[in-house]
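Visitor: Got a structure for you, run_5.txt, holding compact mmCIF, C-alpha atoms and all ligand atoms.
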# COMPACT_ATOMS: atom_id res chain seq x y z
CA MET A 1 -30.91 -12.29 -0.13
CA THR A 2 -29.98 -12.89 -3.78
CA PRO A 3 -26.75 -13.53 -5.71
CA ASN A 4 -26.90 -9.84 -6.68
CA ASP A 5 -26.06 -8.89 -3.10
CA ILE A 6 -22.38 -9.44 -3.90
CA ARG A 7 -22.59 -6.79 -6.66
CA LEU A 8 -21.25 -3.29 -5.99
CA ASP A 9 -23.11 -1.39 -8.71
CA GLY A 10 -23.45 2.30 -7.92
CA LYS A 11 -20.88 2.20 -5.12
CA VAL A 12 -17.77 4.38 -5.22
CA ALA A 13 -14.44 3.09 -3.92
CA PHE A 14 -11.28 5.05 -3.10
CA ILE A 15 -8.08 3.02 -2.94
CA THR A 16 -4.60 4.15 -1.93
CA GLY A 17 -1.68 2.50 -3.71
CA GLY A 18 -4.22 1.25 -6.23
CA ALA A 19 -1.95 1.33 -9.28
CA GLY A 20 0.08 -1.81 -8.58
CA GLY A 21 0.34 -5.05 -6.61
CA ILE A 22 -2.49 -5.84 -4.19
CA GLY A 23 -4.07 -2.42 -4.79
CA ALA A 24 -4.39 -2.96 -8.54
CA GLY A 25 -5.81 -6.46 -7.99
CA VAL A 26 -8.40 -5.07 -5.60
CA ALA A 27 -9.20 -2.13 -7.93
CA ARG A 28 -9.73 -4.40 -10.97
CA ASN A 29 -12.00 -6.73 -9.02
CA LEU A 30 -14.02 -3.93 -7.39
CA ALA A 31 -14.61 -2.60 -10.92
CA ASN A 32 -15.56 -6.10 -12.18
CA PHE A 33 -18.22 -6.24 -9.47
CA GLY A 34 -19.64 -2.86 -10.54
CA ALA A 35 -17.93 -0.29 -8.29
CA ARG A 36 -16.68 3.05 -9.60
CA LEU A 37 -13.04 3.60 -8.71
CA ALA A 38 -10.81 6.41 -7.53
CA ILE A 39 -7.24 5.14 -7.73
CA ALA A 40 -4.83 7.21 -5.61
CA ASP A 41 -1.19 6.37 -6.23
CA ILE A 42 2.22 7.99 -6.57
CA ASP A 43 2.89 6.10 -9.81
CA ALA A 44 1.06 8.20 -12.42
CA GLU A 45 1.95 6.04 -15.41
CA SER A 46 0.64 2.76 -13.94
CA GLY A 47 -2.34 4.50 -12.33
CA GLU A 48 -3.47 6.21 -15.55
CA ARG A 49 -2.95 2.94 -17.44
CA LEU A 50 -5.10 0.96 -15.00
CA ALA A 51 -7.85 3.60 -14.96
CA ALA A 52 -7.90 3.58 -18.79
CA GLU A 53 -8.03 -0.25 -18.81
CA ILE A 54 -11.05 -0.24 -16.47
CA ARG A 55 -12.83 2.42 -18.56
CA GLU A 56 -12.13 0.49 -21.80
CA GLN A 57 -13.88 -2.50 -20.22
CA GLY A 58 -16.97 -0.39 -19.54
CA GLY A 59 -16.16 0.55 -15.94
CA HIS A 60 -15.67 3.93 -14.30
CA ALA A 61 -12.25 4.87 -12.96
CA LEU A 62 -10.47 8.07 -12.07
CA PHE A 63 -6.74 8.26 -11.38
CA LEU A 64 -5.63 10.75 -8.72
CA HIS A 65 -1.92 11.40 -8.45
CA THR A 66 -1.33 11.16 -4.70
CA ASP A 67 1.64 10.73 -2.40
CA VAL A 68 0.16 9.29 0.80
CA ASN A 69 3.11 10.68 2.76
CA GLN A 70 1.63 14.13 2.11
CA THR A 71 -1.43 14.58 4.32
CA GLU A 72 -2.87 17.42 2.21
CA GLN A 73 -2.68 15.32 -0.96
CA ILE A 74 -4.83 12.61 0.66
CA HIS A 75 -7.46 15.16 1.72
CA THR A 76 -7.50 16.68 -1.78
CA ALA A 77 -7.78 13.29 -3.48
CA VAL A 78 -10.68 12.14 -1.27
CA GLU A 79 -12.50 15.44 -1.93
CA GLN A 80 -11.91 15.11 -5.69
CA ALA A 81 -13.20 11.52 -5.72
CA ALA A 82 -16.31 12.39 -3.71
CA SER A 83 -17.16 15.41 -5.83
CA HIS A 84 -16.42 13.62 -9.16
CA PHE A 85 -18.65 10.62 -8.40
CA GLY A 86 -21.11 12.34 -6.05
CA ARG A 87 -20.71 9.78 -3.26
CA LEU A 88 -18.13 7.65 -1.44
CA ASP A 89 -18.91 4.16 -0.13
CA ILE A 90 -15.64 2.28 0.19
CA LEU A 91 -12.13 3.18 1.36
CA ILE A 92 -9.26 0.73 0.94
CA ASN A 93 -6.17 1.81 2.90
CA ASN A 94 -3.63 -0.22 0.98
CA ALA A 95 -0.53 1.91 0.30
CA GLY A 96 2.36 0.80 2.45
CA GLY A 97 5.53 -1.19 2.26
CA VAL A 98 8.67 -2.36 3.92
CA ARG A 99 12.42 -2.66 3.65
CA ARG A 100 14.42 -4.92 5.97
CA THR A 101 16.34 -2.67 8.41
CA PRO A 102 17.54 -3.85 11.83
CA PHE A 103 16.12 -1.40 14.36
CA LEU A 104 19.50 -0.41 15.87
CA GLN A 105 20.60 0.80 12.42
CA GLN A 106 17.54 3.01 11.97
CA THR A 107 17.50 6.74 12.52
CA GLU A 108 14.59 8.72 13.91
CA LYS A 109 14.13 10.20 10.42
CA SER A 110 13.84 6.74 8.85
CA TRP A 111 11.33 5.36 11.36
CA ARG A 112 9.21 8.52 11.15
CA LYS A 113 9.15 7.95 7.37
CA HIS A 114 7.96 4.35 7.89
CA ILE A 115 5.28 5.54 10.31
CA ASP A 116 4.04 8.26 7.92
CA PHE A 117 3.79 5.76 5.08
CA ASN A 118 2.40 2.76 6.94
CA LEU A 119 0.22 4.29 9.63
CA ILE A 120 -0.38 8.06 9.43
CA SER A 121 -1.61 7.76 5.84
CA THR A 122 -4.32 5.35 7.05
CA LEU A 123 -5.41 7.71 9.84
CA THR A 124 -5.61 10.63 7.42
CA ALA A 125 -7.51 8.80 4.69
CA THR A 126 -9.88 7.27 7.23
CA GLN A 127 -10.78 10.65 8.71
CA ALA A 128 -11.23 12.28 5.29
CA ALA A 129 -13.30 9.42 3.85
CA ALA A 130 -15.41 8.81 6.98
CA ARG A 131 -16.32 12.51 7.14
CA ALA A 132 -17.40 12.38 3.47
CA MET A 133 -19.42 9.17 4.01
CA ILE A 134 -21.16 10.74 7.01
CA ALA A 135 -21.92 13.92 5.02
CA PHE A 136 -23.45 11.82 2.21
CA GLY A 137 -25.43 9.92 4.84
CA HIS A 138 -25.30 6.48 3.20
CA GLY A 139 -22.81 4.62 5.40
CA GLY A 140 -19.82 2.75 3.98
CA THR A 141 -17.03 0.27 4.49
CA ILE A 142 -13.34 0.78 5.21
CA VAL A 143 -10.87 -2.05 4.66
CA ASN A 144 -7.33 -1.59 5.93
CA ILE A 145 -4.54 -3.69 4.49
CA ALA A 146 -2.19 -4.46 7.39
CA SER A 147 0.04 -7.55 7.47
CA SER A 148 0.65 -10.81 9.28
CA GLU A 149 3.65 -8.88 10.70
CA GLY A 150 1.15 -6.86 12.72
CA LEU A 151 0.17 -10.06 14.53
CA ARG A 152 3.62 -11.45 15.43
CA ALA A 153 7.26 -10.53 15.93
CA ALA A 154 9.11 -9.35 12.83
CA PRO A 155 12.86 -8.98 13.47
CA GLY A 156 14.37 -6.60 10.92
CA PHE A 157 10.92 -5.12 10.27
CA ALA A 158 10.13 -3.83 13.77
CA VAL A 159 8.82 -0.39 12.83
CA TYR A 160 6.75 -1.74 9.93
CA ALA A 161 5.29 -4.41 12.24
CA ALA A 162 4.50 -1.78 14.89
CA CYS A 163 2.66 0.29 12.25
CA LYS A 164 0.65 -2.72 11.08
CA ALA A 165 -0.20 -3.65 14.69
CA GLY A 166 -1.27 -0.02 15.12
CA MET A 167 -3.51 -0.35 12.05
CA ILE A 168 -5.14 -3.44 13.57
CA SER A 169 -5.83 -1.66 16.86
CA PHE A 170 -7.03 1.48 15.05
CA THR A 171 -9.45 -0.63 13.01
CA ARG A 172 -11.15 -1.99 16.13
CA SER A 173 -11.58 1.49 17.65
CA MET A 174 -12.89 2.90 14.36
CA ALA A 175 -15.37 0.02 14.04
CA LEU A 176 -16.91 1.22 17.31
CA GLU A 177 -16.64 4.97 16.73
CA LEU A 178 -18.14 4.75 13.24
CA ALA A 179 -20.81 2.08 13.87
CA GLU A 180 -23.50 4.68 14.58
CA HIS A 181 -22.91 6.06 11.05
CA ASP A 182 -23.31 2.59 9.49
CA ILE A 183 -19.63 2.59 8.51
CA ARG A 184 -18.04 -0.84 8.93
CA VAL A 185 -14.27 -1.10 9.40
CA HIS A 186 -12.11 -4.19 8.86
CA VAL A 187 -8.45 -5.05 8.60
CA LEU A 188 -6.79 -7.75 6.51
CA ALA A 189 -3.48 -9.32 7.49
CA PRO A 190 -1.99 -10.69 4.27
CA ASP A 191 1.13 -12.80 3.95
CA MET A 192 2.96 -13.97 0.83
CA ILE A 193 0.76 -12.41 -1.82
CA LEU A 194 2.78 -12.31 -5.03
CA THR A 195 3.26 -8.63 -5.95
CA PRO A 196 6.03 -6.41 -7.34
CA GLY A 197 6.67 -5.26 -3.74
CA LEU A 198 7.46 -8.79 -2.60
CA ALA A 199 9.12 -10.04 -5.80
CA PRO A 200 12.68 -8.91 -4.85
CA TYR A 201 12.51 -11.00 -1.63
CA PHE A 202 11.29 -14.00 -3.61
CA GLU A 203 14.02 -13.58 -6.25
CA ALA A 204 16.76 -13.16 -3.63
CA ALA A 205 15.61 -16.38 -1.92
CA GLY A 206 16.56 -18.59 -4.89
CA GLU A 207 15.17 -22.10 -5.54
CA ASP A 208 15.88 -23.50 -2.03
CA GLY A 209 14.45 -20.36 -0.46
CA ARG A 210 11.27 -20.63 -2.51
CA ALA A 211 10.82 -24.27 -1.47
CA ALA A 212 11.33 -23.32 2.20
CA ARG A 213 8.84 -20.46 1.79
CA ASP A 214 6.21 -22.80 0.38
CA ARG A 215 6.76 -25.20 3.31
CA TYR A 216 6.28 -22.29 5.72
CA ILE A 217 2.83 -21.61 4.23
CA PRO A 218 0.46 -24.41 5.30
CA MET A 219 -1.34 -24.22 1.95
CA GLY A 220 2.04 -24.76 0.26
CA ARG A 221 2.01 -21.82 -2.15
CA VAL A 222 1.94 -18.05 -2.40
CA GLY A 223 -1.39 -16.25 -2.79
CA SER A 224 -2.62 -14.10 -5.67
CA THR A 225 -3.93 -10.54 -5.60
CA ASP A 226 -7.27 -11.93 -6.86
CA GLU A 227 -7.50 -14.18 -3.79
CA LEU A 228 -7.01 -11.18 -1.55
CA ALA A 229 -9.47 -9.09 -3.58
CA GLY A 230 -12.17 -11.74 -3.15
CA VAL A 231 -12.12 -11.17 0.60
CA VAL A 232 -12.39 -7.40 0.11
CA ILE A 233 -15.36 -7.82 -2.26
CA PHE A 234 -17.20 -9.92 0.33
CA LEU A 235 -16.53 -7.46 3.16
CA VAL A 236 -17.68 -4.38 1.23
CA SER A 237 -20.74 -6.10 -0.24
CA ASN A 238 -24.27 -6.41 1.11
CA LEU A 239 -23.41 -9.98 2.18
CA ALA A 240 -21.40 -8.63 5.11
CA THR A 241 -23.60 -5.88 6.55
CA TYR A 242 -23.56 -7.26 10.12
CA ILE A 243 -19.77 -7.58 10.51
CA THR A 244 -17.43 -4.88 11.72
CA GLY A 245 -14.05 -4.70 13.44
CA LEU A 246 -12.78 -7.93 11.89
CA THR A 247 -9.06 -8.81 11.68
CA LEU A 248 -8.74 -11.38 8.92
CA PRO A 249 -5.50 -13.12 7.92
CA VAL A 250 -5.29 -13.79 4.16
CA ASP A 251 -2.18 -15.93 4.31
CA GLY A 252 -2.67 -19.57 3.33
CA GLY A 253 -2.75 -20.46 7.04
CA ALA A 254 0.61 -18.87 8.00
CA ILE A 255 -0.66 -17.19 11.18
CA ALA A 256 -2.65 -20.26 12.21
CA SER A 257 0.52 -22.38 11.98
CA SER A 258 2.35 -20.06 14.39
CA GLY A 259 5.78 -21.65 13.96
CA TRP A 260 4.78 -25.15 12.82
CA THR A 261 6.35 -26.07 9.47
CA ARG A 262 6.69 -29.20 7.34
CA SER A 263 9.94 -31.18 7.31
CA PRO A 264 11.78 -30.85 3.98
CA ASN A 265 12.59 -34.58 4.20
CA THR A 266 9.45 -36.27 5.47
CA GLY A 267 6.75 -33.63 4.97
CA ALA A 268 5.74 -34.11 8.63
CA TRP A 269 4.63 -31.07 10.64
CA ASP A 270 6.81 -30.01 13.57
CA LEU A 271 7.92 -26.90 15.45
CA TYR A 272 11.54 -27.57 14.50
CA HIS A 273 13.23 -30.10 12.29
CA ALA A 274 16.40 -31.95 13.23
CA PRO A 275 19.08 -31.56 10.51
N1 LIG B 1 2.35 -8.61 -0.83
C1 LIG B 1 2.21 -9.16 0.37
O1 LIG B 1 2.33 -10.39 0.56
C2 LIG B 1 1.88 -8.33 1.57
C3 LIG B 1 2.00 -8.93 2.83
C4 LIG B 1 1.66 -8.19 3.94
C5 LIG B 1 1.21 -6.88 3.80
N2 LIG B 1 1.13 -6.31 2.56
C6 LIG B 1 0.65 -4.93 2.49
O2 LIG B 1 -0.18 -4.76 1.36
C7 LIG B 1 -0.06 -3.45 0.84
C8 LIG B 1 0.29 -3.50 -0.65
O3 LIG B 1 1.47 -4.27 -0.80
P1 LIG B 1 2.00 -4.72 -2.23
O4 LIG B 1 2.81 -5.95 -2.00
O5 LIG B 1 0.89 -4.73 -3.22
O6 LIG B 1 3.01 -3.50 -2.55
P2 LIG B 1 3.60 -3.00 -3.97
O7 LIG B 1 4.89 -2.35 -3.60
O8 LIG B 1 3.60 -4.13 -4.94
O9 LIG B 1 2.53 -1.90 -4.46
C9 LIG B 1 2.35 -0.74 -3.69
C10 LIG B 1 1.57 0.32 -4.46
O10 LIG B 1 1.61 1.52 -3.66
C11 LIG B 1 2.09 2.60 -4.46
N3 LIG B 1 2.80 3.57 -3.63
C12 LIG B 1 4.08 3.49 -3.15
N4 LIG B 1 4.39 4.59 -2.45
C13 LIG B 1 3.29 5.39 -2.48
C14 LIG B 1 2.99 6.67 -1.93
N5 LIG B 1 3.90 7.36 -1.21
N6 LIG B 1 1.77 7.20 -2.15
C15 LIG B 1 0.84 6.53 -2.88
N7 LIG B 1 1.07 5.30 -3.43
C16 LIG B 1 2.28 4.75 -3.23
C17 LIG B 1 2.98 1.97 -5.51
O11 LIG B 1 3.14 2.82 -6.63
C18 LIG B 1 2.21 0.68 -5.81
O12 LIG B 1 1.20 0.92 -6.77
C19 LIG B 1 1.02 -2.75 1.70
O13 LIG B 1 0.40 -2.00 2.71
C20 LIG B 1 1.79 -3.92 2.31
O14 LIG B 1 2.38 -3.59 3.54
C21 LIG B 1 1.48 -7.00 1.45
Write out the structure in this file as structure tokens.

Guide:
Amino acid sequence: MTPNDIRLDGKVAFITGGAGGIGAGVARNLANFGARLAIADIDAESGERLAAEIREQGGHALFLHTDVNQTEQIHTAVEQAASHFGRLDILINNAGGVRRTPFLQQTEKSWRKHIDFNLISTLTATQAAARAMIAFGHGGTIVNIASSEGLRAAPGFAVYAACKAGMISFTRSMALELAEHDIRVHVLAPDMILTPGLAPYFEAAGEDGRAARDRYIPMGRVGSTDELAGVVIFLVSNLATYITGLTLPVDGGAIASSGWTRSPNTGAWDLYHAP
């Protein structure tokens, strides 16, 4: 084993929602470590800009305008990526998102939309990419981006949380089904990674809200997209060839704390703080 085993030279990665937020952070870092990138996103302007930025820095990147709610568009994008680069090694199922909606106010149409975006898109991309990896015969790695909400209750986000829990379960089954093809499958459960998707919640919280948020996270701060990308790089590299089916929180300790927070007055840890 050498330090070069963390490098991804020659590998091809396909990432959904790769034009912004966590996806863009992961895409930039995959490229920094040598991977060639297919960025599939609905936002053509940001996606083209990021692909051009990676190419200007000597990397290889292709933007593919894709709405992950449209199954056919995912299949087409995976085929285009595989035929453009001549292989496919890495799939990052990252596109997804959430809006707070109490379940009793949701309609069947709205929860089906959530499920398409947050779960069905992952099933579709996984099948398309795994079939391509198997046809190329070189194995691969799939990393799904779920959420801490897939590991706990999430009032106001019930359908989103159910989708993310589904992603976690799906990951474990895929790890087993795809093991014989040397395709490893993992799922990350992020929390409080600073992205445009989360920014409105942070802004709405105000100063007191931000302080409370930082107390909720044991490490006392939000995470960066680079910190999440580092975990992805490790998992898709040759340093992690004997791991599959992992569910990994990337959350500053939020899931480990499971309800324990620090007192705003004394800084002491407790399950609840007297006023
Ligand atoms: N930021 C966090 O702390 C956090 C926490 C838990 C889970 N997550 C998960 O991480 C993933 C990325 O979150 P983020 O915070 O970076 O989100 P974001 O909203 O900042 O970025 C999402 C990206 O997906 C793209 N996108 C949106 N709709 C699309 C569609 N229909 N088809 C293709 N692309 C589309 C957007 O253009 C954007 O580039 C999501 O699955 C989210 O659920 C994030």

Visitor: Collect all residues with atoms no farther than 7 Å from ligand LIG 1 (chain B), counting all atoms listed in the file, and output them as a VMD selection string.

Guide: chain A and resid 16 to 23 40 to 43 66 to 69 94 to 98 117 to 118 145 to 148 189 to 198

Visitor: Take CA of Asp182 (chain A) and CA of Glu72 (chain A) and report the distance between them in Å, one decimal.

Guide: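 Atom-to-atom, CA of Asp182 (chain A) to CA of Glu72 (chain A), that is 26.3 Å.
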
Visitor: Between CA of Val222 (chain A) and CA of Arg210 (chain A), measure the distance and give it in Å to one decimal.

Guide: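 CA of Val222 (chain A) sits 9.7 Å away from CA of Arg210 (chain A).
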
Visitor: What gap, in Å, lies between CA of His181 (chain A) and CA of Lys11 (chain A)?

Guide: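 These two atoms are separated by 16.7 Å.
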
Visitor: Give me, as a ChimeraX atom specification, all polymer residues having an atom no more than 7 Å from Trp260 (chain A), counting all atoms listed in the file and skipping those fewer than 4 positions away in the same chain.

Guide: /A:269-271

Visitor: Once 3 Å is added on each side, what are the centre and the three edge lengths, in Å to one decimal, of the axis-aligned box enclosing the listed atoms of region 92-106 of chain A? Present them as JSON.

Guide:
{"center_x": 5.7, "center_y": -1.0, "center_z": 8.1, "size_x": 35.9, "size_y": 13.9, "size_z": 21.6}

Visitor: Write out as number ranges by chain the residues lying within 12 Å of Thr244 (chain A), counting only C-alpha atoms and excluding same-chain residues fewer than 5 positions away.

Guide: A: 140-143, 171-180, 182-187, 235-236

Visitor: As a PyMOL selection string, please: the residues near Met133 (chain A) (cut-off 9 Å, all atoms listed in the file, same-chain neighbours under 5 positions excluded).

Guide: chain A and resi 82+87-90+128+138-140+181+183

Visitor: With all atoms listed in the file as the basis for distance, which of A:Pro249, A:Arg28, A:Phe170, A:Gly150 is at the shortest distance from Gln57 (chain A)?

Guide: A:Arg28

Visitor: Looking at only C-alpha atoms, which of A:Val26, A:Asn144, A:Ala35, A:Ala268 is the one that sits closest to Ser224 (chain A)?

Guide: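 Result for the nearest residue to Ser224 (chain A): A:Val26.
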
Visitor: Which is closest to Lys113 (chain A) among A:Gln70, A:Asn265, A:Asn29, A:Gln80, if we use all atoms listed in the file?

Guide: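 Counting all atoms listed in the file, the residue closest to Lys113 (chain A) is A:Gln70.
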